[in-house]
Structures are given as C-alpha cells and as structure tokens.
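Trainee: work37.txt is the file, holding compact mmCIF, C-alpha atoms:
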# COMPACT_ATOMS: atom_id res chain seq x y z
CA MET A 51 -51.87 6.25 12.42
CA SER A 52 -53.69 3.04 13.02
CA LYS A 53 -52.82 0.71 15.86
CA LYS A 54 -51.30 -1.76 13.42
CA ASP A 55 -49.07 0.89 11.82
CA LEU A 56 -47.98 2.11 15.25
CA GLU A 57 -47.06 -1.43 16.31
CA ILE A 58 -45.06 -1.91 13.12
CA LEU A 59 -43.23 1.38 13.68
CA LEU A 60 -42.38 0.55 17.29
CA LEU A 61 -41.25 -2.94 16.30
CA LYS A 62 -39.08 -1.42 13.58
CA GLU A 63 -37.40 0.94 16.05
CA ASP A 64 -36.84 -1.85 18.58
CA PHE A 65 -35.40 -4.09 15.91
CA PHE A 66 -32.78 -1.60 14.71
CA GLU A 67 -31.92 -0.52 18.23
CA LEU A 68 -31.24 -4.16 19.11
CA ALA A 69 -29.43 -4.83 15.83
CA SER A 70 -27.10 -1.86 16.37
CA MET A 71 -25.86 -3.45 19.60
CA CYS A 72 -25.06 -6.82 17.96
CA LYS A 73 -22.05 -7.87 15.97
CA SER A 74 -24.12 -10.21 13.79
CA VAL A 75 -27.83 -10.44 13.06
CA ILE A 76 -29.44 -13.41 11.33
CA ALA A 77 -32.83 -12.83 9.68
CA CYS A 78 -34.63 -15.95 8.48
CA ARG A 79 -37.43 -16.37 5.96
CA CYS A 80 -37.16 -12.81 4.64
CA THR A 81 -38.77 -11.71 1.41
CA PRO A 82 -36.66 -9.92 -1.21
CA LEU A 83 -38.24 -6.58 -0.26
CA GLN A 84 -37.51 -7.14 3.42
CA LYS A 85 -33.85 -7.82 2.64
CA ALA A 86 -33.62 -4.62 0.65
CA TRP A 87 -35.44 -2.73 3.40
CA VAL A 88 -32.97 -3.88 6.07
CA VAL A 89 -29.99 -2.77 3.97
CA GLU A 90 -31.57 0.58 3.14
CA GLU A 91 -32.47 1.29 6.76
CA MET A 92 -28.97 0.46 7.97
CA ARG A 93 -27.49 2.82 5.38
CA GLU A 94 -29.76 5.68 6.39
CA ARG A 95 -29.50 5.17 10.15
CA THR A 96 -25.79 4.52 10.54
CA GLY A 97 -24.36 6.26 7.48
CA ALA A 98 -22.11 3.28 6.93
CA VAL A 99 -20.99 1.87 3.60
CA CYS A 100 -22.97 -1.34 3.20
CA LEU A 101 -22.07 -4.43 1.20
CA ALA A 102 -24.67 -7.00 0.17
CA ILE A 103 -23.88 -10.42 -1.23
CA GLY A 104 -26.27 -12.95 -2.70
CA ASP A 105 -26.47 -15.86 -5.09
CA GLY A 106 -30.06 -15.86 -6.33
CA GLY A 107 -32.71 -13.72 -7.96
CA ASN A 108 -34.37 -13.04 -4.60
CA ASP A 109 -31.19 -11.20 -3.50
CA GLU A 110 -31.27 -8.77 -6.43
CA PRO A 111 -33.21 -5.93 -4.65
CA MET A 112 -30.88 -6.15 -1.65
CA ILE A 113 -27.79 -6.01 -3.87
CA LYS A 114 -29.10 -2.93 -5.67
CA LYS A 115 -29.82 -1.09 -2.41
CA ALA A 116 -26.32 -1.62 -1.00
CA ASN A 117 -23.36 0.63 -1.70
CA VAL A 118 -21.39 -2.35 -2.96
CA GLY A 119 -23.16 -5.34 -4.44
CA VAL A 120 -21.52 -8.76 -4.80
CA GLY A 121 -23.12 -11.61 -6.72
CA ILE A 122 -22.23 -15.29 -6.68
CA VAL A 123 -22.66 -17.25 -9.89
CA GLY A 124 -23.96 -20.62 -8.76
CA GLU A 125 -26.78 -23.11 -8.98
CA GLU A 126 -29.47 -20.45 -8.65
CA GLY A 127 -28.47 -18.66 -11.84
CA SER A 128 -26.71 -15.42 -12.63
CA ALA A 129 -29.40 -12.86 -11.76
CA ALA A 130 -27.55 -11.72 -8.65
CA ALA A 131 -24.25 -11.49 -10.52
CA GLN A 132 -25.81 -9.36 -13.26
CA ALA A 133 -27.19 -6.88 -10.72
CA ALA A 134 -23.97 -6.71 -8.68
CA ASP A 135 -20.87 -4.59 -8.92
CA TYR A 136 -18.60 -7.61 -8.48
CA ALA A 137 -19.22 -11.25 -9.26
CA PHE A 138 -17.32 -14.45 -8.52
CA GLY A 139 -17.91 -18.16 -8.24
CA GLN A 140 -17.49 -18.96 -4.53
CA PHE A 141 -18.28 -17.21 -1.28
CA ARG A 142 -14.72 -17.66 0.04
CA TYR A 143 -13.45 -15.12 -2.49
CA LEU A 144 -15.16 -12.38 -0.50
CA HIS A 145 -12.25 -12.42 1.96
CA THR A 146 -9.74 -11.55 -0.78
CA LEU A 147 -12.07 -9.07 -2.42
CA LEU A 148 -12.49 -7.05 0.78
CA LEU A 149 -9.15 -7.28 2.53
CA VAL A 150 -6.82 -7.25 -0.49
CA HIS A 151 -8.48 -5.66 -3.52
CA GLY A 152 -10.65 -3.39 -1.39
CA SER A 153 -7.64 -2.02 0.45
CA TRP A 154 -5.62 -1.59 -2.75
CA SER A 155 -8.47 0.14 -4.59
CA TYR A 156 -9.18 2.51 -1.72
CA GLU A 157 -5.54 3.57 -1.48
CA ARG A 158 -5.19 3.95 -5.26
CA ILE A 159 -8.29 6.10 -5.58
CA SER A 160 -7.26 8.23 -2.60
CA ILE A 161 -3.80 8.89 -4.03
CA MET A 162 -5.22 9.63 -7.47
CA VAL A 163 -7.75 12.19 -6.20
CA LEU A 164 -5.30 13.93 -3.88
CA TYR A 165 -2.52 14.05 -6.47
CA ILE A 166 -4.77 15.45 -9.20
CA PHE A 167 -5.85 18.27 -6.90
CA TYR A 168 -2.22 18.79 -5.89
CA LYS A 169 -0.81 19.23 -9.38
CA THR A 170 -3.79 21.28 -10.56
CA THR A 171 -3.48 23.61 -7.57
CA ILE A 172 0.19 24.19 -8.40
CA ALA A 173 -0.66 25.14 -11.99
CA ALA A 174 -3.28 27.63 -10.78
CA ILE A 175 -1.43 29.17 -7.82
CA VAL A 176 1.76 29.83 -9.77
CA GLN A 177 -0.16 32.05 -12.18
CA PHE A 178 -1.85 33.78 -9.25
CA PHE A 179 1.58 34.63 -7.82
CA PHE A 180 2.66 35.93 -11.22
CA GLY A 181 -0.22 38.41 -11.09
CA PHE A 182 1.62 40.38 -8.41
CA PHE A 183 4.55 40.84 -10.81
CA SER A 184 2.40 41.69 -13.84
CA GLY A 185 0.08 44.03 -11.96
CA PHE A 186 -2.84 41.66 -12.68
CA SER A 187 -2.80 42.97 -16.22
CA GLY A 188 -3.91 39.70 -17.78
CA GLN A 189 -0.46 38.75 -19.03
CA ILE A 190 -0.13 34.96 -18.90
CA LEU A 191 2.94 33.32 -17.44
CA PHE A 192 3.09 30.17 -19.57
CA ASN A 193 2.80 29.91 -23.31
CA PRO A 194 -0.55 28.23 -24.18
CA TRP A 195 1.05 25.72 -26.57
CA ILE A 196 3.27 24.29 -23.83
CA PHE A 197 0.80 24.73 -20.97
CA ILE A 198 -2.23 22.92 -22.45
CA PRO A 199 -0.66 19.39 -22.32
CA TYR A 200 0.20 19.85 -18.62
CA ASN A 201 -2.81 17.91 -17.30
CA ALA A 202 -3.55 15.96 -20.45
CA ALA A 203 -0.17 14.43 -21.23
CA PHE A 204 2.83 15.50 -19.17
CA THR A 205 1.48 14.59 -15.70
CA ALA A 206 -1.52 12.38 -16.50
CA VAL A 207 -0.10 8.98 -17.41
CA PRO A 208 2.04 8.30 -14.30
CA ILE A 209 -0.86 8.81 -11.90
CA ILE A 210 -3.05 6.56 -14.04
CA VAL A 211 -0.44 3.80 -13.77
CA VAL A 212 -0.28 4.27 -10.00
CA ALA A 213 -4.08 4.23 -9.75
CA VAL A 214 -4.19 0.90 -11.63
CA LEU A 215 -1.12 -1.05 -10.51
CA ASP A 216 0.05 0.28 -7.14
CA GLN A 217 -0.03 -2.12 -4.18
CA GLY A 218 0.30 -0.49 -0.78
CA LEU A 219 0.96 -3.73 1.10
CA PRO A 220 1.57 -7.31 -0.07
CA ALA A 221 -1.51 -9.46 -0.54
CA GLU A 222 -0.22 -12.00 1.98
CA ALA A 223 -0.02 -9.39 4.74
CA LEU A 224 -3.48 -7.99 4.00
CA GLU A 225 -5.10 -11.41 3.96
CA ASN A 226 -3.56 -12.56 7.23
CA ILE A 227 -3.84 -9.29 9.19
CA PRO A 228 -7.43 -7.96 9.16
CA LYS A 229 -6.40 -5.08 11.41
CA ALA A 230 -4.39 -3.66 8.51
CA TYR A 231 -7.59 -3.25 6.50
CA ARG A 232 -9.42 -1.56 9.35
CA SER A 233 -6.55 0.81 10.04
CA ARG A 234 -6.42 1.87 6.39
CA ILE A 235 -10.12 2.64 5.95
CA SER A 236 -10.75 4.32 9.29
CA ARG A 237 -9.57 7.44 11.13
CA ASP A 238 -8.87 9.33 7.90
CA GLN A 239 -5.67 7.42 7.29
CA LEU A 240 -5.80 7.68 3.49
CA PHE A 241 -8.49 10.21 2.61
CA GLY A 242 -10.48 12.82 4.47
CA THR A 243 -10.99 16.54 4.94
CA ARG A 244 -7.82 16.92 6.98
CA ILE A 245 -5.69 15.04 4.46
CA PHE A 246 -7.26 16.89 1.51
CA PHE A 247 -6.45 20.35 2.90
CA ARG A 248 -2.99 19.15 3.88
CA TRP A 249 -2.30 18.31 0.25
CA ILE A 250 -3.67 21.69 -0.85
CA MET A 251 -1.44 23.53 1.63
CA ASN A 252 1.44 21.37 0.49
CA ALA A 253 0.80 22.50 -3.09
CA VAL A 254 0.67 26.17 -2.06
CA VAL A 255 3.96 25.93 -0.15
CA HIS A 256 5.67 24.11 -3.02
CA THR A 257 4.42 26.68 -5.51
CA ALA A 258 5.66 29.56 -3.38
CA ILE A 259 9.10 28.00 -3.05
CA VAL A 260 9.40 27.29 -6.78
CA PHE A 261 8.00 30.56 -8.09
CA PHE A 262 9.67 33.11 -5.82
CA THR A 263 13.03 31.31 -5.73
CA ALA A 264 13.10 30.99 -9.51
CA PHE A 265 12.05 34.59 -10.11
CA TRP A 266 14.63 35.94 -7.70
CA CYS A 267 17.40 33.76 -9.13
CA LEU A 268 16.44 34.51 -12.75
CA ASP A 269 16.13 38.24 -12.82
CA THR A 270 14.27 38.99 -16.07
CA THR A 271 16.19 42.25 -16.53
CA GLY A 272 19.65 40.91 -15.70
CA ILE A 273 22.20 40.42 -18.47
CA THR A 274 23.38 36.81 -18.40
CA PHE A 275 24.21 36.03 -22.05
CA PRO A 276 27.52 36.95 -23.74
CA ASN A 277 25.69 38.94 -26.43
CA GLY A 278 24.08 41.22 -23.84
CA GLN A 279 20.64 39.65 -23.90
CA VAL A 280 18.55 39.27 -20.76
CA HIS A 281 16.52 36.30 -19.66
CA GLY A 282 13.19 37.75 -20.58
CA LEU A 283 9.72 36.53 -19.64
CA TRP A 284 9.52 33.41 -21.79
CA LEU A 285 12.86 31.98 -20.74
CA THR A 286 11.98 32.53 -17.09
CA SER A 287 8.52 31.04 -17.54
CA MET A 288 9.97 28.07 -19.44
CA THR A 289 12.38 27.44 -16.55
CA VAL A 290 9.62 27.65 -13.95
CA TYR A 291 7.38 25.37 -16.04
CA SER A 292 10.15 22.78 -16.42
CA ILE A 293 10.78 22.85 -12.67
CA ILE A 294 7.08 22.28 -11.99
CA ILE A 295 6.86 19.36 -14.43
CA PHE A 296 9.82 17.54 -12.89
CA MET A 297 8.92 18.40 -9.29
CA VAL A 298 5.32 17.20 -9.65
CA SER A 299 6.46 13.99 -11.33
CA PHE A 300 9.05 13.16 -8.68
CA ARG A 301 6.58 14.05 -5.94
CA LEU A 302 4.40 11.20 -7.16
CA THR A 303 7.21 8.71 -6.52
CA PHE A 304 6.82 9.39 -2.78
CA GLU A 305 3.36 7.81 -2.99
CA MET A 306 4.39 4.75 -5.00
CA ARG A 307 4.48 1.63 -2.85
CA SER A 308 5.37 -0.90 -5.55
CA ILE A 309 7.52 0.18 -8.48
CA THR A 310 7.69 -2.04 -11.57
CA TRP A 311 9.08 -1.63 -15.05
CA ILE A 312 5.69 -0.29 -16.14
CA HIS A 313 5.99 2.54 -13.61
CA HIS A 314 9.49 3.33 -14.91
CA PHE A 315 8.39 3.23 -18.54
CA PHE A 316 5.51 5.69 -18.21
CA PHE A 317 7.25 7.90 -15.64
CA TRP A 318 10.34 8.52 -17.72
CA GLY A 319 8.28 8.41 -20.90
CA SER A 320 6.16 11.35 -19.71
CA LEU A 321 9.26 13.42 -18.95
CA ALA A 322 10.76 12.48 -22.32
CA LEU A 323 7.52 13.50 -24.02
CA TYR A 324 7.75 16.95 -22.43
CA VAL A 325 11.33 17.38 -23.65
CA LEU A 326 10.36 16.33 -27.18
CA VAL A 327 7.37 18.69 -27.25
CA ALA A 328 9.55 21.56 -25.99
CA ILE A 329 12.11 20.86 -28.72
CA GLY A 330 9.39 20.71 -31.35
CA LEU A 331 7.89 24.05 -30.32
CA ASN A 332 11.34 25.65 -30.26
CA VAL A 333 12.33 24.71 -33.80
CA LEU A 334 9.10 25.83 -35.51
CA PRO A 335 9.05 29.66 -35.56
CA THR A 336 5.92 29.84 -37.69
CA LEU A 337 3.95 27.67 -35.26
CA ASN A 338 4.96 29.38 -32.03
CA PRO A 339 7.26 32.39 -32.46
CA ASP A 340 7.26 33.25 -28.74
CA LEU A 341 9.07 30.04 -27.83
CA PHE A 342 11.43 29.92 -30.79
CA PHE A 343 14.86 28.81 -29.52
CA VAL A 344 13.87 29.60 -25.90
CA ALA A 345 14.37 26.06 -24.60
CA PHE A 346 17.80 25.79 -26.24
CA ALA A 347 18.82 29.09 -24.67
CA MET A 348 17.60 27.84 -21.30
CA TRP A 349 19.58 24.60 -21.59
CA ALA A 350 22.70 26.57 -22.59
CA ASN A 351 22.44 28.88 -19.58
CA PRO A 352 24.26 27.62 -16.43
CA GLN A 353 22.22 29.96 -14.24
CA ALA A 354 19.01 28.31 -15.42
CA TRP A 355 20.42 24.86 -14.62
CA LEU A 356 21.50 25.86 -11.11
CA THR A 357 18.13 27.51 -10.50
CA ALA A 358 16.25 24.43 -11.69
CA ILE A 359 18.28 22.06 -9.50
CA LEU A 360 18.03 24.25 -6.41
CA THR A 361 14.40 25.21 -6.78
CA GLY A 362 13.20 21.73 -7.70
CA SER A 363 15.09 20.06 -4.86
CA LEU A 364 13.93 22.29 -2.01
CA PRO A 365 10.25 21.20 -1.94
CA LEU A 366 11.13 17.54 -2.35
CA LEU A 367 13.75 17.63 0.40
CA LEU A 368 11.27 19.39 2.66
CA ASP A 369 8.69 16.66 2.07
CA LEU A 370 11.27 13.93 2.63
CA ALA A 371 12.34 15.48 5.93
CA ILE A 372 8.76 15.79 7.18
CA ARG A 373 7.91 12.26 6.08
CA GLY A 374 11.03 10.84 7.72
CA ILE A 375 10.35 12.58 11.03
CA LYS A 376 6.75 11.40 11.01
CA ILE A 377 7.63 7.77 10.31
CA GLU A 378 10.47 7.77 12.81
CA LEU A 379 8.74 9.54 15.71
CA PHE A 380 5.01 9.12 15.05
CA PRO A 381 4.58 5.99 12.92
CA SER A 382 1.13 4.75 12.05
CA TYR A 383 0.09 1.11 12.03
CA GLN A 384 0.44 0.83 8.28
CA ASP A 385 3.90 2.44 8.40
CA LEU A 386 5.05 -0.22 10.84
CA LEU A 387 3.40 -2.98 8.85
CA ARG A 388 5.01 -1.75 5.64
CA GLU A 389 8.38 -1.68 7.39
CA ARG A 390 7.86 -5.24 8.53
CA CYS A 391 6.97 -6.43 5.04
CA LEU A 392 9.92 -4.64 3.44
CA LEU A 393 12.51 -5.80 5.95
CA ARG A 394 11.19 -9.32 6.45
CA ASP A 395 13.36 -10.77 3.70
CA TYR A 396 16.42 -8.69 4.56
CA LYS A 397 16.58 -8.68 8.33
CA LYS A 398 19.79 -9.98 9.88
CA GLU A 399 19.89 -12.94 12.18
CA ASN A 400 19.09 -12.17 15.83
CA VAL A 401 18.41 -8.50 14.98
CA GLU A 402 14.98 -7.09 15.68
CA THR A 403 13.82 -4.62 13.03
CA PHE A 404 10.09 -4.40 13.73
CA ARG A 405 8.35 -2.57 16.54
CA PHE A 406 5.31 -4.75 16.99
CA GLN A 407 5.41 -7.63 19.43
CA PRO A 408 8.31 -9.54 17.86
CA ARG A 409 7.34 -12.81 16.25
CA GLN A 410 10.78 -13.81 15.08
CA LYS A 411 12.44 -16.48 17.11
CA ARG A 412 14.97 -15.62 19.74
CA ALA A 413 18.34 -17.28 19.93
CA VAL A 414 17.12 -19.73 22.58
CA GLU A 415 14.15 -20.75 20.48
CA LYS A 416 16.37 -21.27 17.47
CA LYS A 417 18.74 -23.40 19.51
CA HIS A 418 15.83 -25.44 20.85
CA GLU A 419 14.46 -25.97 17.36
CA GLU A 420 17.88 -27.06 16.10
CA GLY A 421 18.07 -29.60 18.94
CA VAL A 422 14.63 -30.97 18.12
CA GLN A 423 15.55 -31.27 14.46
CA HIS A 424 18.76 -33.07 15.43
CA PHE A 425 16.81 -35.51 17.60
CA LYS A 426 14.30 -36.17 14.84
CA HIS A 427 17.15 -36.78 12.46
CA LYS A 428 18.57 -39.41 14.79
CA LEU A 429 15.18 -41.07 15.09
CA ASN A 430 14.88 -41.17 11.33
CA GLU A 431 18.29 -42.81 11.12
CA ALA A 432 17.14 -45.39 13.68
CA THR A 433 14.03 -46.08 11.61
CA ARG A 434 16.09 -46.58 8.47
CA ARG A 435 18.46 -48.94 10.28
CA LYS A 436 15.51 -50.89 11.59
CA GLN A 437 14.20 -51.31 8.06
CA THR A 438 17.60 -52.49 6.82
CA GLY A 439 17.72 -55.28 9.41
CA ASN A 440 20.16 -54.00 12.05
CA THR A 441 19.89 -55.44 15.52
CA GLY A 442 17.44 -53.84 17.91
CA GLN A 443 20.07 -53.67 20.66
CA ALA A 444 22.36 -51.37 18.66
CA GLN A 445 19.46 -49.17 17.60
CA MET A 446 18.20 -48.84 21.15
CA GLU A 447 21.67 -47.94 22.42
CA MET A 448 21.92 -45.21 19.80
CA VAL A 449 18.51 -43.78 20.76
CA ILE A 450 19.40 -43.90 24.47
CA LYS A 451 22.67 -42.09 23.84
CA THR A 452 20.80 -39.45 21.83
CA LEU A 453 18.30 -38.97 24.65
CA LEU A 454 21.04 -38.65 27.24
CA ARG A 455 23.03 -36.25 25.09
CA TRP A 456 19.93 -34.09 24.51
CA ARG A 457 19.20 -34.09 28.26
CA ASP A 458 22.76 -33.08 29.11
CA LEU A 459 22.89 -30.29 26.54
CA THR A 460 19.55 -28.57 27.05
CA GLY A 461 17.85 -30.15 30.04
CA ALA A 462 14.69 -30.28 27.99
CA ILE A 463 11.89 -32.73 28.74
CA LEU A 464 10.76 -34.48 25.58
CA ASP A 465 7.25 -35.76 25.22
CA ALA A 466 7.28 -38.95 23.22
CA THR A 467 4.43 -39.23 20.78
CA GLU A 468 2.88 -42.46 19.62
CA GLU A 469 4.95 -42.31 16.46
CA ASP A 470 8.19 -41.98 18.41
CA ALA A 471 7.11 -44.75 20.76
CA ASN A 472 6.50 -47.06 17.81
CA THR A 473 9.90 -46.11 16.46
CA LEU A 474 11.57 -47.23 19.70
CA GLN A 475 10.03 -50.71 19.49
CA TYR A 476 12.29 -52.62 17.17
CA ASP A 477 12.51 -56.31 17.61
CA THR A 478 9.13 -57.63 18.73
CA GLY A 479 10.62 -60.98 19.60
CA ARG A 480 13.02 -59.47 22.14
CA GLU A 481 10.94 -56.45 23.14
CA GLY A 482 10.58 -57.41 26.77
CA LYS A 483 14.21 -58.37 27.24
CA ILE A 484 15.57 -55.25 25.55
CA GLY A 485 13.10 -53.05 27.39
CA ASN A 486 14.19 -54.39 30.78
CA SER A 487 17.88 -54.00 30.05
CA ASP A 488 17.35 -50.48 28.73
CA GLU A 489 15.32 -49.47 31.74
CA LYS A 490 18.23 -50.49 33.94
CA LYS A 491 20.63 -48.48 31.81
CA ILE A 492 18.43 -45.39 31.91
CA SER A 493 17.94 -45.65 35.65
Please express what this file holds, its structure, as structure tokens.

Mentor:
Amino acid sequence: MSKKDLEILLLKEDFFELASMCKSVIACRCTPLQKAWVVEEMRERTGAVCLAIGDGGNDEPMIKKANVGVGIVGEEGSAAAQAADYAFGQFRYLHTLLLVHGSWSYERISIMVLYIFYKTTIAAIVQFFFGFFSGFSGQILFNPWIFIPYNAAFTAVPIIVVAVLDQGLPAEALENIPKAYRSRISRDQLFGTRIFFRWIMNAVVHTAIVFFTAFWCLDTTGITFPNGQVHGLWLTSMTVYSIIIFMVSFRLTFEMRSITWIHHFFFWGSLALYVLVAIGLNVLPTLNPDLFFVAFAMWANPQAWLTAILTGSLPLLLDLAIRGIKIELFPSYQDLLRERCLLRDYKKENVETFRFQPRQKRAVEKKHEEGVQHFKHKLNEATRRKQTGNTGQAQMEMVIKTLLRWRDLTGAILDATEEDANTLQYDTGREGKIGNSDEKKIS
C-alpha cells in the first residue's frame, strides 16, 4: 500500500469510529459516490437497517445503497423519487412514515409470517401424528379434495386482510410517543428467533391437543349410529379437519388489534366457504365417493359436535389464559400503551386505569381548573358589561367580590396578565378615583 492509501484507510477508520460515538453526523460538500459510500459502510459495520432520504439526482446512489430509500418530489426533479421505495412531497411526512406506517407495516408483516408458519405446521404435524395410528403405511388422513384449499382458500384471506388493514396502535399515539416505535422494533418484541420457535411450539401443542383428544373421543371402531355403523376414518378425519379450520381461524382473532366490517366479512366468509365446499363434495358421489354424505353424518352425530366444541376450545382457552397472565403480571410497554389507548375514552372519573405515570388530572387539579374557568367567566361578563355602558364602579365591585370569593374558597394566588389588567380598567375618566377607593376596600 502506498502512503496515500494508508492515510486514506486510517482516516476512514477514524471517521467511522468517531461517527459511531455521535448521535448525529453532518457531512458537507459530499459527492454522490461519497454519500453512497457512507451509507454502505454504516450498513456493513453496524449491521443496522439504514434509511436514506434525498430530493435530487445527486442523492440517487445513496438511496439505492440504503435498505429503505425515500425520495422527495420537489424543485430538483423526480429522480430521487423514482429510485426510492417511498416518495412524498415534503420532508415533514417522514415522521408519519416512520413512526406510524413503519410500525404498522412491521407488525403486520410479523403477524403474517408467524401465522402462516403456525397454520402450515399444524397441517403437517397432524398427519405426522396420524402416522403412529396407521403404522406409517402411507395412508393419508385428509381427503385431497378437501385438504388442498386449506392454505389457498380456507385460511388465506383472513390473514391477508390483517396484513393489509390491521393497526396495532392508533396513529395519534404512535406519532406523539416515539418510545412506542422503539419498543416495537427492538428486543424481539414482534419478530425474532425466540418468537418464531414459540409459535412453532404453540402449533405443535395445539395439534397434539386436537388430534389425540379427537381420536380418543371418536373411536373409529365404536358403534355410534342407530343402524350399527361406526365412525370410520373419513368421518373422524372430517371432524378433525373441521376443528383445525375453526381453531386456526379463531386463533387469528387474538392477533387482530383493530376489527372492522372488512375483517368480519372475510373472516366469516372464509368459514362459510369451507362449509359450502364440504356440502358440495358430500352431495357429488361421482366426484368424490370417499366423502359422500360424510359431512351430513358428522353434523347429525351429537358425539362429533361435543368433540368439536371440546377439542377446539381447549387450545384457545389455553392461549387466552397464558396471554392474560402475561399481560396482567408481566406487561410490556406496548401492552400498557394499548391499554391506555383502549381505556382512554371509557375511563371513569377520578379512577386511574393506566400504569404509567398518570397524566390524568387529579380531583384537586380539576377543582382548580373549574375555579379558574369560573373566574374567567366572571371577567368575560365584566368585559361585556363594560362594552354595554355599565358604570365602572359596579363592574369593579363585581370583580373585587369575585377575587375575594376565589381567595376564600381556594386560597390560590392569581397572577394577573396584561389582558386581565386591561379588563379591570373601565372608566378612564375616573380611573384614579376608582382605583384609590378600591385599594382601600381591598386593604
């Protein structure tokens, strides 16, 4: 290496070592390549997710090097906006983009990825458990005609709606509380290795509860019909499949933070679609003879109904109990913030429902505010009487009585502003005389 290259390398190391210790670094007169180089080096050295924002063509290389590029459409053209992932008209929109839409998108994507792995794991593990009963002979548990739409239709649409429309926290709270954004993107609060394997273990436990409970309750060789017929494999598998469809769908509602009519429409629509498909496959013997009249026999069997209710409720109640204990005993910042946002409009007067440092006003503060409002109301009445031509003596007596009454009730010391002082000066012709008489009265 030449001396010049060595000096450049040492300067580069010193620069990034100093920059890593600063909250903000301002680089002036940089070329487009230097901007891109700074972003690239910070990505490689720190491993952080970098965002670059620019409004001109000279910012295009920097925007392309960043993980997230934001372009501003302004006086310098639209080159930066065309190279960016997001584009808007003013720099102040970056605050909303990061704190509101960034937080929402991160939570939506996290829930979507975790839920897809959850429901797919259930569909795979349940057939693995069935292998112990079939001797791993290759016999399938679910009929292919009813099993193929599992991921494509029956459980796909609700999670898509959640991934598009769900809002974890109100926009007002996210914009005004930056700590909420930091708490949601750090410490594996929404997505991470620990959370991923927790969802997988959750799916395994749910599958074990559903499969073994259903198989033990619905003995395939037990006679349960009046004509002497037994349940058989397909009726048992149809019951287990129905339980899984409903359990997986209702499990998603635990992750919904904002439920609208669109959520209701596609949620219940997906379950209705499954029922219609099951009816269609059960009335067409030439299309699928294995499932002919199986669903109707299942719906006519009280044992199948009791098994479905019991088996489908156990995993959901277990999740609700664990979630309730966690929120009650070990709440996270976002749990407390969500509680505050939900109860803000419904909290009772003088009742504290939030565990942060309480910002609602105490009874004393409310009483003080009511007194101040009462005093301002009296001053406004005095101003109106002044404008209508009442005598200054009567107005001053009213103001003095109000001051004395306020002092007797609360003992508060009022600081008169210039506006209030101007309000107390009524008749300029008799200002000195009235002022002297009033001073004697006050003393």

Trainee: Would you compute the distance between CA of Leu147 (chain A) and CA of Gln217 (chain A)? Give it in Å to one decimal.

Mentor: 14.0 Å

Trainee: Could you list as an mmCIF file with C-alpha atoms, in the frame of the given file every residue that has an atom within 10 Å of (5.1, -5.1, 4.4), using the file's coordinates and counting only C-alpha atoms?

Mentor:
data_model
loop_
_atom_site.group_PDB
_atom_site.id
_atom_site.type_symbol
_atom_site.label_atom_id
_atom_site.label_comp_id
_atom_site.auth_asym_id
_atom_site.auth_seq_id
_atom_site.Cartn_x
_atom_site.Cartn_y
_atom_site.Cartn_z
ATOM 1 C CA GLY A 218 0.300 -0.490 -0.780
ATOM 2 C CA LEU A 219 0.960 -3.730 1.100
ATOM 3 C CA PRO A 220 1.570 -7.310 -0.070
ATOM 4 C CA ALA A 221 -1.510 -9.460 -0.540
ATOM 5 C CA GLU A 222 -0.220 -12.000 1.980
ATOM 6 C CA ALA A 223 -0.020 -9.390 4.740
ATOM 7 C CA LEU A 224 -3.480 -7.990 4.000
ATOM 8 C CA ARG A 307 4.480 1.630 -2.850
ATOM 9 C CA GLN A 384 0.440 0.830 8.280
ATOM 10 C CA ASP A 385 3.900 2.440 8.400
ATOM 11 C CA LEU A 386 5.050 -0.220 10.840
ATOM 12 C CA LEU A 387 3.400 -2.980 8.850
ATOM 13 C CA ARG A 388 5.010 -1.750 5.640
ATOM 14 C CA GLU A 389 8.380 -1.680 7.390
ATOM 15 C CA ARG A 390 7.860 -5.240 8.530
ATOM 16 C CA CYS A 391 6.970 -6.430 5.040
ATOM 17 C CA LEU A 392 9.920 -4.640 3.440
ATOM 18 C CA LEU A 393 12.510 -5.800 5.950
ATOM 19 C CA ARG A 394 11.190 -9.320 6.450
#

Trainee: Ranking A:Met306, A:Leu164, A:Ala202, A:Ile312 by minimum distance to Thr243 (chain A) and counting only C-alpha atoms, which one comes first?

Mentor: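 Of A:Met306, A:Leu164, A:Ala202, A:Ile312, the one nearest Thr243 (chain A), counting only C-alpha atoms, is A:Leu164.
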
Trainee: Nearest to Gln177 (chain A): which of A:Ser287, A:Ser160, A:Ser70, A:Ser128 is it, counting only C-alpha atoms?

Mentor: A:Ser287

Trainee: To one decimal place in Å, what is the distance between CA of Phe265 (chain A) and CA of Leu364 (chain A)?

Mentor: 14.8 Å
